[in-house]
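Q: Just start.txt, nothing more (compact mmCIF, C-alpha atoms and all ligand atoms):
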```txt
# COMPACT_ATOMS: atom_id res chain seq x y z
CA MET A 1364 12.72 -11.94 19.04
CA ALA A 1365 13.97 -9.95 16.10
CA ASP A 1366 17.29 -8.17 16.45
CA HIS A 1367 16.11 -4.98 14.81
CA GLY A 1368 13.32 -3.97 17.14
CA VAL A 1369 10.42 -4.11 14.73
CA THR A 1370 6.87 -3.74 15.90
CA VAL A 1371 4.44 -6.41 14.82
CA VAL A 1372 0.76 -5.98 15.36
CA VAL A 1373 -1.63 -8.84 14.72
CA ALA A 1374 -5.26 -7.79 14.71
CA ASP A 1375 -8.39 -9.89 14.42
CA ALA A 1376 -11.15 -7.31 14.44
CA GLU A 1377 -12.53 -8.92 11.29
CA PRO A 1378 -12.64 -12.71 11.78
CA GLN A 1379 -12.03 -13.49 8.11
CA LEU A 1380 -8.80 -11.50 8.09
CA ARG A 1381 -5.45 -11.90 9.78
CA THR A 1382 -3.17 -8.91 9.53
CA ALA A 1383 0.33 -7.96 10.58
CA ALA A 1384 2.35 -4.79 10.20
CA SER A 1385 5.98 -3.96 10.78
CA THR A 1386 8.20 -0.96 10.25
CA ASP A 1387 11.87 -0.16 10.76
CA ALA A 1388 13.96 2.96 10.18
CA GLY A 1389 16.57 0.88 8.37
CA ARG A 1390 20.32 1.11 8.76
CA HIS A 1391 21.01 4.50 7.19
CA ARG A 1392 18.20 6.89 8.12
CA ARG A 1393 18.04 8.52 11.52
CA GLY A 1394 14.28 8.69 11.70
CA ASN A 1395 11.38 6.76 10.23
CA GLU A 1396 9.22 8.83 7.87
CA ASP A 1397 7.03 5.89 6.89
CA ALA A 1398 3.61 5.56 8.50
CA HIS A 1399 0.98 2.88 8.26
CA LEU A 1400 -2.49 1.91 9.38
CA ALA A 1401 -3.58 -1.72 9.58
CA GLU A 1402 -6.98 -1.80 11.22
CA PHE A 1403 -10.08 -3.15 9.53
CA PRO A 1404 -11.05 -2.07 6.94
CA VAL A 1405 -8.03 0.19 6.24
CA TYR A 1406 -4.61 -1.19 5.30
CA ILE A 1407 -2.35 1.59 4.04
CA VAL A 1408 1.28 2.66 3.94
CA ALA A 1409 2.51 6.26 3.55
CA ASP A 1410 6.15 7.18 2.87
CA GLY A 1411 6.78 10.80 3.78
CA MET A 1412 9.34 13.15 2.30
CA GLY A 1413 10.49 16.66 3.13
CA GLY A 1414 13.10 18.56 5.09
CA HIS A 1415 13.68 18.08 8.82
CA ASP A 1416 10.74 16.09 10.17
CA ALA A 1417 8.28 17.29 7.51
CA GLY A 1418 8.17 13.85 5.91
CA ALA A 1419 7.17 12.12 9.11
CA VAL A 1420 4.55 14.78 9.79
CA ALA A 1421 3.19 14.39 6.24
CA SER A 1422 2.92 10.60 6.33
CA ALA A 1423 1.32 10.72 9.78
CA ALA A 1424 -1.23 13.24 8.48
CA VAL A 1425 -2.03 10.97 5.53
CA VAL A 1426 -2.71 8.04 7.80
CA ARG A 1427 -4.74 10.20 10.19
CA ALA A 1428 -7.09 11.16 7.35
CA PHE A 1429 -8.26 7.51 7.26
CA THR A 1430 -8.76 6.84 10.97
CA GLY A 1431 -12.45 7.79 10.79
CA LEU A 1432 -13.06 4.74 8.59
CA VAL A 1433 -11.59 2.27 11.08
CA GLY A 1434 -14.00 -0.26 12.56
CA ARG A 1435 -16.65 0.15 9.87
CA ASP A 1436 -17.81 -2.59 7.50
CA ASP A 1437 -19.89 -0.30 5.29
CA VAL A 1438 -17.33 2.13 3.87
CA ARG A 1439 -18.25 3.48 0.44
CA PRO A 1440 -15.66 4.20 -2.28
CA ASP A 1441 -16.50 7.91 -2.23
CA GLU A 1442 -15.59 8.02 1.47
CA VAL A 1443 -12.13 6.73 0.59
CA ALA A 1444 -11.81 9.43 -2.06
CA ASP A 1445 -12.85 11.96 0.60
CA ALA A 1446 -10.12 10.68 2.94
CA ILE A 1447 -7.54 11.06 0.17
CA ARG A 1448 -8.77 14.59 -0.53
CA ARG A 1449 -8.43 15.48 3.16
CA ALA A 1450 -4.92 14.04 3.17
CA HIS A 1451 -3.99 16.12 0.11
CA GLN A 1452 -5.33 19.29 1.70
CA THR A 1453 -3.59 18.71 5.01
CA VAL A 1454 -0.21 17.90 3.49
CA ALA A 1455 -0.42 20.73 0.95
CA ALA A 1456 -1.18 23.17 3.79
CA LEU A 1457 1.74 21.77 5.76
CA SER A 1458 3.97 22.18 2.75
CA ASP A 1459 2.90 25.80 2.26
CA ARG A 1460 3.37 26.60 5.93
CA THR A 1461 6.80 25.05 6.34
CA ARG A 1462 8.08 25.76 2.80
CA ARG A 1463 9.84 22.43 3.00
CA GLY A 1464 7.97 20.74 0.22
CA ALA A 1465 6.41 18.10 2.42
CA GLY A 1466 4.75 15.20 0.63
CA SER A 1467 3.94 11.56 1.01
CA THR A 1468 3.17 8.46 -0.95
CA LEU A 1469 -0.02 6.60 -0.14
CA THR A 1470 -0.93 3.08 -1.11
CA GLY A 1471 -3.01 0.21 0.18
CA VAL A 1472 -6.43 -1.35 0.23
CA VAL A 1473 -9.67 -0.40 1.94
CA GLN A 1474 -12.48 -2.91 2.17
CA VAL A 1475 -15.54 -1.13 0.81
CA ARG A 1476 -19.17 -2.09 0.28
CA HIS A 1477 -21.02 -1.81 -2.97
CA ASP A 1478 -24.58 -3.13 -3.19
CA GLY A 1479 -23.88 -4.90 0.09
CA LEU A 1480 -20.87 -6.82 -1.20
CA PRO A 1481 -17.29 -6.30 0.00
CA TYR A 1482 -14.46 -5.37 -2.34
CA TRP A 1483 -10.92 -4.20 -1.95
CA LEU A 1484 -10.54 -0.66 -3.16
CA VAL A 1485 -6.86 -0.52 -4.11
CA LEU A 1486 -5.42 2.98 -4.13
CA ASN A 1487 -2.08 4.50 -5.00
CA VAL A 1488 -0.23 7.81 -5.15
CA GLY A 1489 3.55 7.56 -5.57
CA ASP A 1490 5.87 4.56 -5.51
CA SER A 1491 4.80 2.50 -2.52
CA ARG A 1492 3.21 -0.73 -3.72
CA VAL A 1493 0.48 -3.31 -3.22
CA TYR A 1494 1.14 -6.94 -4.15
CA ARG A 1495 -1.19 -9.90 -4.07
CA VAL A 1496 -0.60 -13.62 -3.67
CA SER A 1497 -3.34 -16.03 -4.69
CA GLY A 1498 -2.22 -19.64 -4.86
CA ALA A 1499 0.90 -19.70 -7.01
CA ARG A 1500 0.06 -16.35 -8.52
CA PHE A 1501 2.02 -13.27 -7.42
CA GLU A 1502 1.09 -9.93 -8.93
CA ARG A 1503 1.57 -6.25 -8.34
CA MET A 1504 -1.75 -4.43 -7.95
CA THR A 1505 -0.42 -0.85 -8.29
CA ILE A 1506 1.57 1.11 -10.86
CA ASP A 1507 4.31 3.40 -9.56
CA HIS A 1508 4.14 7.12 -10.19
CA SER A 1509 7.85 7.45 -10.69
CA TYR A 1510 10.40 8.70 -13.19
CA MET A 1511 11.65 5.12 -13.45
CA GLN A 1512 8.18 3.82 -14.38
CA GLU A 1513 7.87 6.58 -16.99
CA GLN A 1514 11.20 5.57 -18.49
CA LEU A 1515 10.09 1.93 -18.51
CA ASP A 1516 6.80 2.86 -20.17
CA ALA A 1517 8.58 4.99 -22.77
CA GLY A 1518 10.92 2.14 -23.64
CA ASN A 1519 13.98 4.12 -22.53
CA LEU A 1520 14.76 1.70 -19.71
CA ALA A 1521 14.87 -2.09 -19.85
CA GLN A 1522 13.39 -4.15 -17.01
CA GLU A 1523 16.77 -5.81 -16.41
CA ASP A 1524 18.36 -2.39 -15.81
CA VAL A 1525 16.02 -1.18 -13.06
CA ASP A 1526 18.32 -2.31 -10.26
CA THR A 1527 21.08 0.04 -11.42
CA PHE A 1528 18.80 2.92 -12.46
CA GLU A 1529 20.16 6.12 -10.88
CA HIS A 1530 16.94 8.02 -10.24
CA LYS A 1531 14.91 5.32 -8.52
CA ASN A 1532 13.64 7.62 -5.81
CA VAL A 1533 12.11 10.31 -8.06
CA ILE A 1534 8.32 10.16 -7.86
CA THR A 1535 5.92 11.97 -10.18
CA ARG A 1536 2.88 12.16 -7.91
CA ALA A 1537 2.66 12.69 -4.17
CA VAL A 1538 -0.03 13.42 -1.62
CA GLY A 1539 0.22 17.17 -1.05
CA ALA A 1540 1.68 17.87 -4.51
CA PRO A 1541 -0.29 19.37 -7.41
CA ASP A 1542 -1.55 17.18 -10.26
CA SER A 1543 -1.37 14.05 -8.14
CA PRO A 1544 -4.67 12.22 -8.37
CA ALA A 1545 -4.86 8.75 -6.87
CA ASP A 1546 -5.19 5.68 -9.06
CA TYR A 1547 -7.92 3.23 -8.05
CA TRP A 1548 -8.63 -0.38 -8.82
CA VAL A 1549 -11.42 -2.56 -7.51
CA HIS A 1550 -10.89 -6.19 -6.60
CA PRO A 1551 -13.31 -8.74 -5.13
CA VAL A 1552 -12.27 -10.13 -1.76
CA GLU A 1553 -11.09 -13.71 -2.38
CA ALA A 1554 -10.71 -16.56 0.13
CA GLY A 1555 -7.08 -17.45 0.78
CA GLU A 1556 -5.53 -14.40 -0.84
CA ARG A 1557 -2.69 -12.49 0.77
CA ILE A 1558 -2.14 -8.78 0.20
CA LEU A 1559 1.18 -7.06 0.88
CA ILE A 1560 1.40 -3.28 1.16
CA CYS A 1561 4.92 -1.86 1.39
CA SER A 1562 7.13 1.18 1.05
CA ASP A 1563 10.07 1.31 -1.37
CA GLY A 1564 12.38 0.51 1.54
CA LEU A 1565 11.11 -3.05 1.07
CA HIS A 1566 10.48 -3.41 -2.66
CA GLY A 1567 13.65 -1.43 -3.43
CA GLU A 1568 15.77 -3.93 -1.49
CA LEU A 1569 14.08 -7.19 -2.45
CA SER A 1570 13.32 -8.38 -5.95
CA GLU A 1571 9.76 -9.50 -6.62
CA ALA A 1572 11.04 -13.09 -6.68
CA GLU A 1573 12.43 -12.62 -3.17
CA LEU A 1574 9.22 -11.02 -1.95
CA TYR A 1575 7.25 -13.98 -3.22
CA ASP A 1576 9.76 -16.45 -1.80
CA VAL A 1577 9.42 -15.00 1.70
CA LEU A 1578 5.62 -14.83 1.48
CA ALA A 1579 5.44 -18.42 0.23
CA HIS A 1580 7.57 -19.72 3.12
CA HIS A 1581 5.83 -18.01 6.03
CA ALA A 1582 2.18 -18.83 6.47
CA ASP A 1583 1.88 -16.80 9.66
CA PRO A 1584 1.45 -13.11 8.77
CA GLY A 1585 3.51 -11.87 11.73
CA GLU A 1586 6.39 -14.17 10.85
CA ALA A 1587 6.11 -13.17 7.21
CA VAL A 1588 6.41 -9.41 7.81
CA ASP A 1589 9.22 -10.00 10.27
CA ALA A 1590 11.08 -12.09 7.68
CA LEU A 1591 10.49 -9.44 5.00
CA LEU A 1592 11.97 -6.70 7.16
CA ARG A 1593 14.90 -8.83 8.23
CA ARG A 1594 15.65 -9.60 4.58
CA ALA A 1595 15.49 -5.89 3.64
CA LEU A 1596 17.87 -5.05 6.49
CA ASP A 1597 20.21 -7.84 5.40
CA HIS A 1598 20.27 -6.22 1.95
CA GLY A 1599 21.47 -2.99 3.52
CA GLY A 1600 18.32 -1.31 4.83
CA HIS A 1601 19.04 1.85 2.86
CA ASP A 1602 15.64 3.38 3.52
CA ASN A 1603 12.79 3.20 6.02
CA ILE A 1604 11.02 -0.14 5.60
CA THR A 1605 7.32 -0.81 6.13
CA ALA A 1606 5.24 -3.89 5.37
CA VAL A 1607 1.56 -4.53 6.04
CA LEU A 1608 0.15 -7.97 5.32
CA VAL A 1609 -3.53 -8.91 5.07
CA ASP A 1610 -4.51 -12.58 4.83
CA VAL A 1611 -8.06 -13.56 3.91
CA ALA A 1612 -8.96 -16.84 5.62
CA PRO A 1613 -8.59 -19.79 3.22
CA ASP A 1614 -11.66 -21.47 4.69
CA ALA A 1615 -13.92 -18.46 4.40
CA ASP A 1616 -17.49 -19.68 3.95
CA PRO A 1617 -18.07 -20.06 0.22
CA LEU A 1618 -21.72 -19.09 0.73
CA ASP A 1619 -20.71 -15.88 2.39
CA PRO A 1620 -21.15 -12.96 0.00
CA LEU A 1621 -17.68 -11.89 1.10
CA VAL A 1622 -16.21 -14.45 -1.28
CA GLU A 1623 -19.17 -15.38 -3.47
CA GLU A 1624 -20.61 -13.74 -6.54
CA GLN A 1625 -17.30 -12.39 -7.73
CA ALA A 1626 -18.21 -12.99 -11.34
CA GLU A 1627 -21.71 -11.63 -10.83
CA GLY A 1628 -20.60 -8.72 -8.71
CA PRO A 1629 -21.56 -5.19 -9.60
CA ARG A 1630 -19.14 -3.29 -11.72
CA LEU A 1631 -17.58 -0.51 -9.74
CA GLU A 1632 -15.97 2.56 -11.13
CA THR A 1633 -12.50 1.38 -12.05
CA SER A 1634 -11.20 4.39 -13.92
CA THR A 1635 -7.92 5.55 -12.52
CA THR A 1636 -9.16 9.00 -11.58
CA PRO A 1637 -12.68 9.19 -10.18
CA ASP A 1638 -14.04 12.70 -10.22
CA GLU A 1639 -13.99 12.78 -6.44
CA ALA A 1640 -10.22 12.65 -6.33
CA THR A 1641 -9.06 14.65 -9.31
CA ASP A 1642 -9.56 18.01 -7.67
CA ALA A 1643 -7.50 17.16 -4.61
MN MN A 1701 11.02 5.34 1.09
```
The structure in this file should be written as structure tokens.
Ligand SMILES: [Mn+2]
A:
Amino acid sequence: MADHGVTVVVADAEPQLRTAASTDAGRHRRGNEDAHLAEFPVYIVADGMGGHDAGAVASAAVVRAFTGLVGRDDVRPDEVADAIRRAHQTVAALSDRTRRGAGSTLTGVVQVRHDGLPYWLVLNVGDSRVYRVSGARFERMTIDHSYMQEQLDAGNLAQEDVDTFEHKNVITRAVGAPDSPADYWVHPVEAGERILICSDGLHGELSEAELYDVLAHHADPGEAVDALLRRALDHGGHDNITAVLVDVAPDADPLDPLVEEQAEGPRLETSTTPDEATDA
């Protein structure tokens, strides 16, 4: 039993996947403005911001925009773009109504179908992140929309100085904010891979080496997310912390199109801003 009261949900709606999710307010914030959804085929994290409880309302609204996709194995990429557009509209309306500047990050993966084959549609707005472990490989699948990332890209900030960068929490795109299209990437579903979706309360406390270390030492997804949150709390828990983990079974049938034909798979639209999402 964890000493910080996290909630871990392990779902098996899709037999090839094992998932776990955990969230904690951390040690410094009164409430938890993170929200998440971890039900096949939707695995997303939203980190809300805004005065009073506007952040929590915003992140909850973002997650709610995706609930209609839950339980389906035939989701199309344009339906994900529609969900993001609905989330934008809802949060923007909330922001206008409350005048508190409500917004939210949104990141994660949705398993979509294209020509009958399943892919991960990776999506991102803001500075929550998606990571992927495949064998000894650990990679980030998203690019932050943040002032820090802009300074890194411009060469004004060195990678070794990110830990002490003062304006870590300034994001440049948010659900509900203008000029904030989502980025998209498409990735074939691979046997044995592990996908981590998290808010900055996790990746801001743990280095990528630490994230990988924890993931490599806990095969069970529930134990892994619990260990990730415990580690973030040990580092101070300065922010709300959320982690969603999706494991694709290592023994997935190689003849199953789920994991076959990756090289031959259809090319999906991989531009960062499909038309469907740019007008959100
Ligand atoms: Mn946060």
Q: Please, which residues in chain A fall within 9 Å of ligand MN 1701 (chain A) when counting only C-alpha atoms and all ligand atoms, and what is the closest atom pair and distance in Å to one decimal for each, ordered by chain then residue number, as a tab-separated table?
A:
```
residue	atom	partner	partner_atom	distance
A:Glu1396	CA	A:MN1701	MN	7.8
A:Asp1397	CA	A:MN1701	MN	7.1
A:Ala1409	CA	A:MN1701	MN	8.9
A:Asp1410	CA	A:MN1701	MN	5.5
A:Gly1411	CA	A:MN1701	MN	7.4
A:Met1412	CA	A:MN1701	MN	8.1
A:Thr1468	CA	A:MN1701	MN	8.7
A:Asp1490	CA	A:MN1701	MN	8.4
A:Ser1491	CA	A:MN1701	MN	7.7
A:Asn1532	CA	A:MN1701	MN	7.7
A:Ser1562	CA	A:MN1701	MN	5.7
A:Asp1563	CA	A:MN1701	MN	4.8
A:Gly1564	CA	A:MN1701	MN	5.0
A:Leu1565	CA	A:MN1701	MN	8.4
A:Gly1567	CA	A:MN1701	MN	8.6
A:His1601	CA	A:MN1701	MN	8.9
A:Asp1602	CA	A:MN1701	MN	5.6
A:Asn1603	CA	A:MN1701	MN	5.7
A:Ile1604	CA	A:MN1701	MN	7.1
A:Thr1605	CA	A:MN1701	MN	8.8
```
Q: Using all atoms listed in the file, determine which residues lie at most 8 Å from Pro1440 (chain A), disregarding the query and same-chain residues fewer than 5 positions distant; provide the list as a list in words.
A: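 Using all atoms listed in the file, the neighbours found are Val1475, Arg1476 and Leu1484 of chain A.
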Q: Tell me, as a VMD selection string, which residues lie within 6 Å of Val1609 (chain A), counting only C-alpha atoms; anything in the same chain fewer than 4 positions away does not count.
A: chain A and resid 1381 to 1382 1557 to 1558
Q: Between A:Val1538, A:Val1525, A:Val1485, A:Leu1578, which is the closest to Arg1500 (chain A) once you count only C-alpha atoms?
A: A:Leu1578
Q: Skipping near chain neighbours, those fewer than 4 positions away, what residues fall within 8 Å of Asp1507 (chain A) using all atoms listed in the file, listed as a list in words?
A: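 So, after excluding close chain neighbours, the residues are Asn1487, Val1488, Gly1489, Asp1490, Ser1491, Arg1492 and Gln1512 of chain A.
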Q: Keeping only C-alpha atoms, write those residues as a CSV table (one decimal), in the frame of the given file.
A:
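Here's the written file out_39.csv:
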```
chain,number,residue,atom,x,y,z
A,1487,ASN,CA,-2.1,4.5,-5.0
A,1488,VAL,CA,-0.2,7.8,-5.2
A,1489,GLY,CA,3.6,7.6,-5.6
A,1490,ASP,CA,5.9,4.6,-5.5
A,1491,SER,CA,4.8,2.5,-2.5
A,1492,ARG,CA,3.2,-0.7,-3.7
A,1512,GLN,CA,8.2,3.8,-14.4
```
Q: Would you mind reading off the distance between CA of His1550 (chain A) and CA of Ile1407 (chain A), one decimal, in Å?
A: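 Separation of CA of His1550 (chain A) and CA of Ile1407 (chain A): 15.7 Å.
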Q: Do you know which residues are at most 9 Å from Leu1596 (chain A) counting only C-alpha atoms, after dropping those on the same chain fewer than 2 positions away, and could you put them as a ChimeraX atom specification?
A: /A:1367,1387,1389-1390,1565,1568,1591-1594,1598-1601,1604
Q: From the structure just shown, export region 1531-1624 of chain A with C-alpha atoms as a compact mmCIF listing (two decimals), in the first residue's frame.
A:
```txt
# COMPACT_ATOMS: atom_id res chain seq x y z
CA LYS A 1531 10.01 26.02 -16.90
CA ASN A 1532 6.26 26.28 -16.46
CA VAL A 1533 5.57 28.75 -19.31
CA ILE A 1534 3.77 26.97 -22.14
CA THR A 1535 3.22 28.37 -25.62
CA ARG A 1536 0.16 26.36 -26.63
CA ALA A 1537 -2.80 25.21 -24.57
CA VAL A 1538 -6.19 23.67 -25.19
CA GLY A 1539 -8.59 26.61 -25.01
CA ALA A 1540 -5.96 29.17 -26.05
CA PRO A 1541 -5.74 30.74 -29.53
CA ASP A 1542 -3.14 29.56 -32.04
CA SER A 1543 -2.72 26.23 -30.29
CA PRO A 1544 -3.05 23.45 -32.84
CA ALA A 1545 -2.19 19.94 -31.73
CA ASP A 1546 0.90 18.16 -33.02
CA TYR A 1547 0.34 14.63 -34.30
CA TRP A 1548 2.58 11.69 -34.96
CA VAL A 1549 1.64 8.22 -36.13
CA HIS A 1550 3.32 5.11 -34.80
CA PRO A 1551 2.65 1.44 -35.55
CA VAL A 1552 1.62 -0.61 -32.52
CA GLU A 1553 4.62 -2.81 -31.62
CA ALA A 1554 4.71 -5.97 -29.50
CA GLY A 1555 6.44 -5.45 -26.16
CA GLU A 1556 6.53 -1.67 -26.25
CA ARG A 1557 5.66 0.44 -23.22
CA ILE A 1558 4.20 3.92 -23.51
CA LEU A 1559 4.29 6.43 -20.67
CA ILE A 1560 2.05 9.51 -20.70
CA CYS A 1561 2.72 12.04 -17.94
CA SER A 1562 2.24 15.58 -16.71
CA ASP A 1563 5.17 17.88 -15.91
CA GLY A 1564 4.71 17.02 -12.24
CA LEU A 1565 6.46 13.77 -13.16
CA HIS A 1566 8.92 14.70 -15.91
CA GLY A 1567 9.78 17.94 -14.09
CA GLU A 1568 10.85 16.01 -10.99
CA LEU A 1569 12.59 13.02 -12.59
CA SER A 1570 15.29 13.13 -15.21
CA GLU A 1571 14.74 11.00 -18.30
CA ALA A 1572 17.42 8.62 -16.98
CA GLU A 1573 15.40 8.19 -13.78
CA LEU A 1574 12.17 7.67 -15.71
CA TYR A 1575 13.82 4.94 -17.73
CA ASP A 1576 15.40 3.40 -14.65
CA VAL A 1577 12.03 3.05 -12.91
CA LEU A 1578 10.33 1.70 -16.04
CA ALA A 1579 13.14 -0.81 -16.59
CA HIS A 1580 12.89 -2.14 -13.03
CA HIS A 1581 9.14 -2.63 -12.78
CA ALA A 1582 7.61 -5.00 -15.28
CA ASP A 1583 4.15 -4.73 -13.76
CA PRO A 1584 2.46 -1.55 -15.01
CA GLY A 1585 0.69 -0.86 -11.71
CA GLU A 1586 3.92 -1.18 -9.76
CA ALA A 1587 5.71 0.97 -12.32
CA VAL A 1588 3.31 3.92 -12.08
CA ASP A 1589 3.26 3.63 -8.31
CA ALA A 1590 7.07 3.73 -8.23
CA LEU A 1591 7.12 6.72 -10.60
CA LEU A 1592 4.78 8.72 -8.39
CA ARG A 1593 6.61 7.76 -5.23
CA ARG A 1594 9.88 8.90 -6.80
CA ALA A 1595 8.35 12.24 -7.87
CA LEU A 1596 7.02 12.78 -4.34
CA ASP A 1597 10.42 11.91 -2.90
CA HIS A 1598 11.89 14.63 -5.13
CA GLY A 1599 9.54 17.15 -3.55
CA GLY A 1600 6.23 16.69 -5.38
CA HIS A 1601 6.12 20.36 -6.34
CA ASP A 1602 3.23 19.93 -8.76
CA ASN A 1603 0.32 17.60 -9.44
CA ILE A 1604 1.68 14.30 -10.75
CA THR A 1605 -0.01 12.01 -13.25
CA ALA A 1606 1.30 8.92 -15.05
CA VAL A 1607 -0.49 6.60 -17.46
CA LEU A 1608 1.30 3.50 -18.66
CA VAL A 1609 0.31 1.29 -21.60
CA ASP A 1610 2.10 -2.02 -22.16
CA VAL A 1611 1.64 -3.92 -25.40
CA ALA A 1612 1.92 -7.66 -24.73
CA PRO A 1613 5.41 -8.96 -25.62
CA ASP A 1614 3.94 -12.20 -26.95
CA ALA A 1615 1.40 -10.57 -29.21
CA ASP A 1616 0.74 -12.87 -32.15
CA PRO A 1617 3.23 -11.93 -34.86
CA LEU A 1618 0.66 -12.86 -37.51
CA ASP A 1619 -1.83 -10.47 -36.02
CA PRO A 1620 -2.07 -7.32 -38.12
CA LEU A 1621 -1.82 -5.44 -34.83
CA VAL A 1622 1.93 -5.97 -34.89
CA GLU A 1623 2.59 -7.09 -38.45
CA GLU A 1624 3.08 -5.12 -41.63
```
